[in-house]
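Heads up: the structure comes next, in structure tokens.
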Amino acid sequence: MSQALYRKWRPQHWDEVVGQEHVIQTLHNALAVERIAHAYLFAGPRGTGKTTTARLLAKAVNCLADDLSKRPCGECAHCQAVSAGRFLDLIEIDAASNTSVDDVRDLRDKINFSPNQGRYKVYIIDEVHMLSTAAFNALLKTLEEPPPHAIFILATTEAHKIPATVLSRCQRHEFRRIPVSEIAANLKLLAEDEKIEIDEQALLLVARQATGAMRDAISLLDQLASSGKRITLAMAQDVLGTATSQSVLALIEALLARQPGAGLDAIHGALDAGSDPRQFARQVVDYLRSLLLVAAGNADQVEATPEMRSQMARHAQSLAVPELLRLIQAFNQAAVEMRASWQPALAMEMAFLQALELPEAAASPAAPATGTPSGGAQTQAKTPAGRPAAAEIARPAKTAATAQVTPAAPEPPPASEPEQGTALSADDLSLNARLEENWRKIIGVLREKNAHLYGLINSVRSRHLQNGVLTLGFASDVLKGQVERPANLELAQSVVTQALGMPVQIRCRVITGKQSAPPPEVDSDGMVAAALRDLGGEIVDMQ
């Protein structure tokens, strides 16, 4: 079995450590004058050389070379034993799996024994922040007054989780993320030595994808090299998942053309083809970020084929920087919200339809129709007198005045909401029965008129009608706020009003999960359960 490249290319001398000169120089100078501390803390991001430097330090303090400035020499018996992993006085402990106080006590009991081979016993405790509080307390006394032959090297990616009492007893060294240029230069040397053929642009892509971690960069290169073919930029983008998919381009084109239907088709097409929703959202954000870099004059920082660069230049010319920032924020928020969403496509649909709105249209329900997108989003620019909200639903003569409901209608007085403990009247039960009978019709009309609003209303957790007020329960303030936009609220109220043949106002609230649960014999999706959950109702009698 072949050895992984990151293990094969682990630095064996100080000058082979990349990007951490400030740490290496300090340690090298201290060794040259024999000013060795009893405890060190190496903190920094993963893959930046903390454990490697710890092993080099263990090798150097036990090196047999006469010239202190040349330690570790890499040639003596001790250096070779450390490199081969058979040096008995180098003890590496994974704190992630040895977190208990008993593990530390066992270490403390054995530390007083003299070294077997070298001058010092070196304890490397990796991911030390994972130790329990009791384990840290057990370690304190040993860190403060260790035996003269013991050296502790603590390594962590989360130094803020280490108690201050431990930090104060260690010499601290901060490891930094490695610059892209240094990662790329090191990868180039590695590729030449390993006979790996790779294009310059692909090399830079790998270096950037590593986000400052040399180990990650070498692992990515190892993954790409396993194909046995020359590594091109297109191949690297495809394997690493950074290639811009046709679905992303179709979504951007729909945004520029103000075509809601085409954009939703692009989203559903990508998800139906098996794309992970969050990864798709990230791809959209990454592409928009590339457009932002192009618009800002930093096109050289974008890894893309010449054809894709031409496409990006065209898209960047069509979108102003403030608009790009707004789009990035919308789709980035969608990627975050998908973690808790039960409907994978909903967050992306909402982000896309929200992105279609011009800032003026989103701020004012009376924005001119020329600035709004066609299709489902056009209803947001309609005025009360001209809205076509529910033309397909027959309007009874006795409710001819119901179309006068305005977006800014005041909320019903608190008295319209039943007090806790009141029973539902026969009229309320009848109205809610009508609501349930017409709900599919209401949803169907909303789907035709405004796909964005349809998705929002279709996600309600509960609905209840009483005294002409339809209370809708949502899972979050974000969904509630979207429905409460004046244009959305007006359209929803109009459709429900005409479906039921009576004036209806809509009130939105967030379901907190603290409402009363219905008894087993009550339908959890029915109107009684909705009253219990949303309105604080109480069952006073069951027959």
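Convention: chains lettered A, B, ... in structure tokens order; per-chain residue numbering from 1; ligands numbered from 1 as shown.
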I want to know what sits within 12 Å of Asp276 (chain A), based on only C-alpha atoms, with residues of the same chain fewer than 5 positions away left out; could you give that as an MDAnalysis selection string?
chainID A and resid 241 267:271 281:283 335 338:339 344:345 348
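Atom pair CA of Val180 (chain A) / CA of Gly212 (chain A) has a distance of 6.7 Å (rounded to one decimal).
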If we count only C-alpha atoms and set the cut-off at 9 Å, which residues sit around region 474-477 of chain A, ignoring sequence neighbours fewer than 2 positions away in its own chain? Please answer as number ranges by chain.
A: 456-457, 459-462, 472, 479-482, 508-512
Please produce an output containing C-alpha atoms for each residue in the selection, written as a compact mmCIF listing (two decimals), in the first residue's frame.
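Heads up, here's the output in part10.txt:
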# COMPACT_ATOMS: atom_id res chain seq x y z
CA LEU A 456 -44.57 30.75 2.31
CA ILE A 457 -48.28 30.08 2.91
CA SER A 459 -45.27 26.14 4.92
CA VAL A 460 -47.68 27.21 7.69
CA ARG A 461 -47.69 24.93 10.70
CA SER A 462 -51.21 25.85 11.77
CA LEU A 472 -51.30 31.59 10.52
CA LEU A 479 -41.12 33.32 7.23
CA LYS A 480 -43.53 35.47 9.26
CA GLY A 481 -41.80 38.67 8.13
CA GLN A 482 -41.95 37.66 4.46
CA CYS A 508 -49.12 35.92 11.48
CA ARG A 509 -47.39 34.52 14.52
CA VAL A 510 -44.40 32.29 15.27
CA ILE A 511 -45.03 28.84 16.72
CA THR A 512 -42.75 28.60 19.76
I'd like the contact shell of region 192-208 of chain A - 10 Å cut-off, only C-alpha atoms, skipping same-chain residues fewer than 6 positions apart - returned as a VMD selection string.
chain A and resid 5 178 to 186 214 216 to 222 224 to 226 228 to 237 240 242 301 to 305
Write to file, as an mmCIF file, in the first residue's frame, the residues of the selection just made, with N, CA and C atoms.
data_model
loop_
_atom_site.group_PDB
_atom_site.id
_atom_site.type_symbol
_atom_site.label_atom_id
_atom_site.label_comp_id
_atom_site.auth_asym_id
_atom_site.auth_seq_id
_atom_site.Cartn_x
_atom_site.Cartn_y
_atom_site.Cartn_z
ATOM 1 N N LEU A 5 0.756 11.125 0.559
ATOM 2 C CA LEU A 5 1.770 12.145 0.277
ATOM 3 C C LEU A 5 2.033 13.051 1.466
ATOM 4 N N ILE A 178 -1.054 29.428 6.093
ATOM 5 C CA ILE A 178 0.064 29.573 5.155
ATOM 6 C C ILE A 178 -0.412 30.315 3.908
ATOM 7 N N PRO A 179 0.329 31.316 3.442
ATOM 8 C CA PRO A 179 -0.079 32.063 2.236
ATOM 9 C C PRO A 179 -0.215 31.155 1.019
ATOM 10 N N VAL A 180 -1.128 31.525 0.123
ATOM 11 C CA VAL A 180 -1.381 30.728 -1.082
ATOM 12 C C VAL A 180 -0.113 30.579 -1.918
ATOM 13 N N SER A 181 0.658 31.650 -2.021
ATOM 14 C CA SER A 181 1.879 31.602 -2.852
ATOM 15 C C SER A 181 2.869 30.565 -2.320
ATOM 16 N N GLU A 182 3.001 30.459 -1.004
ATOM 17 C CA GLU A 182 3.941 29.494 -0.427
ATOM 18 C C GLU A 182 3.421 28.065 -0.574
ATOM 19 N N ILE A 183 2.110 27.896 -0.427
ATOM 20 C CA ILE A 183 1.536 26.562 -0.631
ATOM 21 C C ILE A 183 1.748 26.121 -2.073
ATOM 22 N N ALA A 184 1.484 27.023 -3.020
ATOM 23 C CA ALA A 184 1.627 26.693 -4.438
ATOM 24 C C ALA A 184 3.074 26.352 -4.780
ATOM 25 N N ALA A 185 4.008 27.121 -4.226
ATOM 26 C CA ALA A 185 5.427 26.859 -4.506
ATOM 27 C C ALA A 185 5.843 25.495 -3.965
ATOM 28 N N ASN A 186 5.378 25.156 -2.771
ATOM 29 C CA ASN A 186 5.725 23.864 -2.177
ATOM 30 C C ASN A 186 5.082 22.715 -2.955
ATOM 31 N N MET A 214 -1.392 23.414 4.758
ATOM 32 C CA MET A 214 -0.513 22.688 3.843
ATOM 33 C C MET A 214 -0.907 21.218 3.765
ATOM 34 N N ASP A 216 -3.865 19.902 4.031
ATOM 35 C CA ASP A 216 -5.040 19.786 3.163
ATOM 36 C C ASP A 216 -4.655 19.926 1.700
ATOM 37 N N ALA A 217 -3.732 20.840 1.415
ATOM 38 C CA ALA A 217 -3.307 21.051 0.024
ATOM 39 C C ALA A 217 -2.652 19.799 -0.544
ATOM 40 N N ILE A 218 -1.765 19.172 0.234
ATOM 41 C CA ILE A 218 -1.087 17.956 -0.241
ATOM 42 C C ILE A 218 -2.084 16.817 -0.406
ATOM 43 N N SER A 219 -3.068 16.736 0.494
ATOM 44 C CA SER A 219 -4.088 15.684 0.390
ATOM 45 C C SER A 219 -4.945 15.875 -0.858
ATOM 46 N N LEU A 220 -5.270 17.130 -1.178
ATOM 47 C CA LEU A 220 -6.051 17.404 -2.389
ATOM 48 C C LEU A 220 -5.257 17.042 -3.640
ATOM 49 N N LEU A 221 -3.967 17.384 -3.633
ATOM 50 C CA LEU A 221 -3.117 17.038 -4.772
ATOM 51 C C LEU A 221 -3.012 15.526 -4.916
ATOM 52 N N ASP A 222 -2.896 14.821 -3.798
ATOM 53 C CA ASP A 222 -2.843 13.359 -3.806
ATOM 54 C C ASP A 222 -4.126 12.785 -4.408
ATOM 55 N N LEU A 224 -6.179 14.288 -6.570
ATOM 56 C CA LEU A 224 -6.222 14.574 -8.005
ATOM 57 C C LEU A 224 -5.251 13.691 -8.791
ATOM 58 N N ALA A 225 -4.099 13.407 -8.181
ATOM 59 C CA ALA A 225 -3.067 12.629 -8.886
ATOM 60 C C ALA A 225 -3.450 11.167 -9.026
ATOM 61 N N SER A 226 -4.419 10.693 -8.240
ATOM 62 C CA SER A 226 -4.797 9.282 -8.285
ATOM 63 C C SER A 226 -5.393 8.880 -9.631
ATOM 64 N N GLY A 228 -4.058 9.467 -12.483
ATOM 65 C CA GLY A 228 -2.959 9.097 -13.364
ATOM 66 C C GLY A 228 -2.857 9.943 -14.613
ATOM 67 N N LYS A 229 -3.717 10.957 -14.745
ATOM 68 C CA LYS A 229 -3.704 11.834 -15.913
ATOM 69 C C LYS A 229 -3.164 13.210 -15.542
ATOM 70 N N ARG A 230 -2.887 14.004 -16.554
ATOM 71 C CA ARG A 230 -2.462 15.384 -16.319
ATOM 72 C C ARG A 230 -3.605 16.145 -15.662
ATOM 73 N N ILE A 231 -3.293 16.916 -14.631
ATOM 74 C CA ILE A 231 -4.316 17.633 -13.874
ATOM 75 C C ILE A 231 -4.507 19.011 -14.490
ATOM 76 N N THR A 232 -5.650 19.201 -15.135
ATOM 77 C CA THR A 232 -5.979 20.498 -15.722
ATOM 78 C C THR A 232 -6.900 21.267 -14.770
ATOM 79 N N LEU A 233 -7.105 22.547 -15.053
ATOM 80 C CA LEU A 233 -7.988 23.360 -14.218
ATOM 81 C C LEU A 233 -9.408 22.809 -14.249
ATOM 82 N N ALA A 234 -9.883 22.437 -15.436
ATOM 83 C CA ALA A 234 -11.249 21.909 -15.549
ATOM 84 C C ALA A 234 -11.411 20.622 -14.746
ATOM 85 N N MET A 235 -10.403 19.761 -14.812
ATOM 86 C CA MET A 235 -10.460 18.501 -14.064
ATOM 87 C C MET A 235 -10.452 18.763 -12.564
ATOM 88 N N ALA A 236 -9.582 19.686 -12.128
ATOM 89 C CA ALA A 236 -9.508 20.003 -10.704
ATOM 90 C C ALA A 236 -10.825 20.589 -10.201
ATOM 91 N N GLN A 237 -11.433 21.472 -10.984
ATOM 92 C CA GLN A 237 -12.716 22.055 -10.595
ATOM 93 C C GLN A 237 -13.793 20.991 -10.488
ATOM 94 N N LEU A 240 -12.940 18.624 -7.337
ATOM 95 C CA LEU A 240 -13.055 19.326 -6.064
ATOM 96 C C LEU A 240 -14.426 19.960 -5.864
ATOM 97 N N THR A 242 -15.751 22.524 -7.493
ATOM 98 C CA THR A 242 -15.775 23.986 -7.618
ATOM 99 C C THR A 242 -16.166 24.435 -9.014
ATOM 100 N N GLN A 301 -7.930 36.905 -9.498
ATOM 101 C CA GLN A 301 -8.092 36.039 -8.328
ATOM 102 C C GLN A 301 -9.121 34.939 -8.553
ATOM 103 N N VAL A 302 -9.755 34.934 -9.703
ATOM 104 C CA VAL A 302 -10.794 33.953 -10.018
ATOM 105 C C VAL A 302 -10.188 32.838 -10.855
ATOM 106 N N GLU A 303 -10.335 31.574 -10.383
ATOM 107 C CA GLU A 303 -9.866 30.433 -11.157
ATOM 108 C C GLU A 303 -10.990 29.992 -12.085
ATOM 109 N N ALA A 304 -10.816 30.154 -13.369
ATOM 110 C CA ALA A 304 -11.845 29.787 -14.343
ATOM 111 C C ALA A 304 -11.228 29.620 -15.717
ATOM 112 N N THR A 305 -11.915 28.873 -16.553
ATOM 113 C CA THR A 305 -11.475 28.696 -17.935
ATOM 114 C C THR A 305 -11.699 30.002 -18.700
#
Quick one: residues within 10 Å of Ala32 (chain A), only C-alpha atoms, excluding same-chain residues fewer than 5 positions away - as number ranges by chain?
A: 27, 67-71
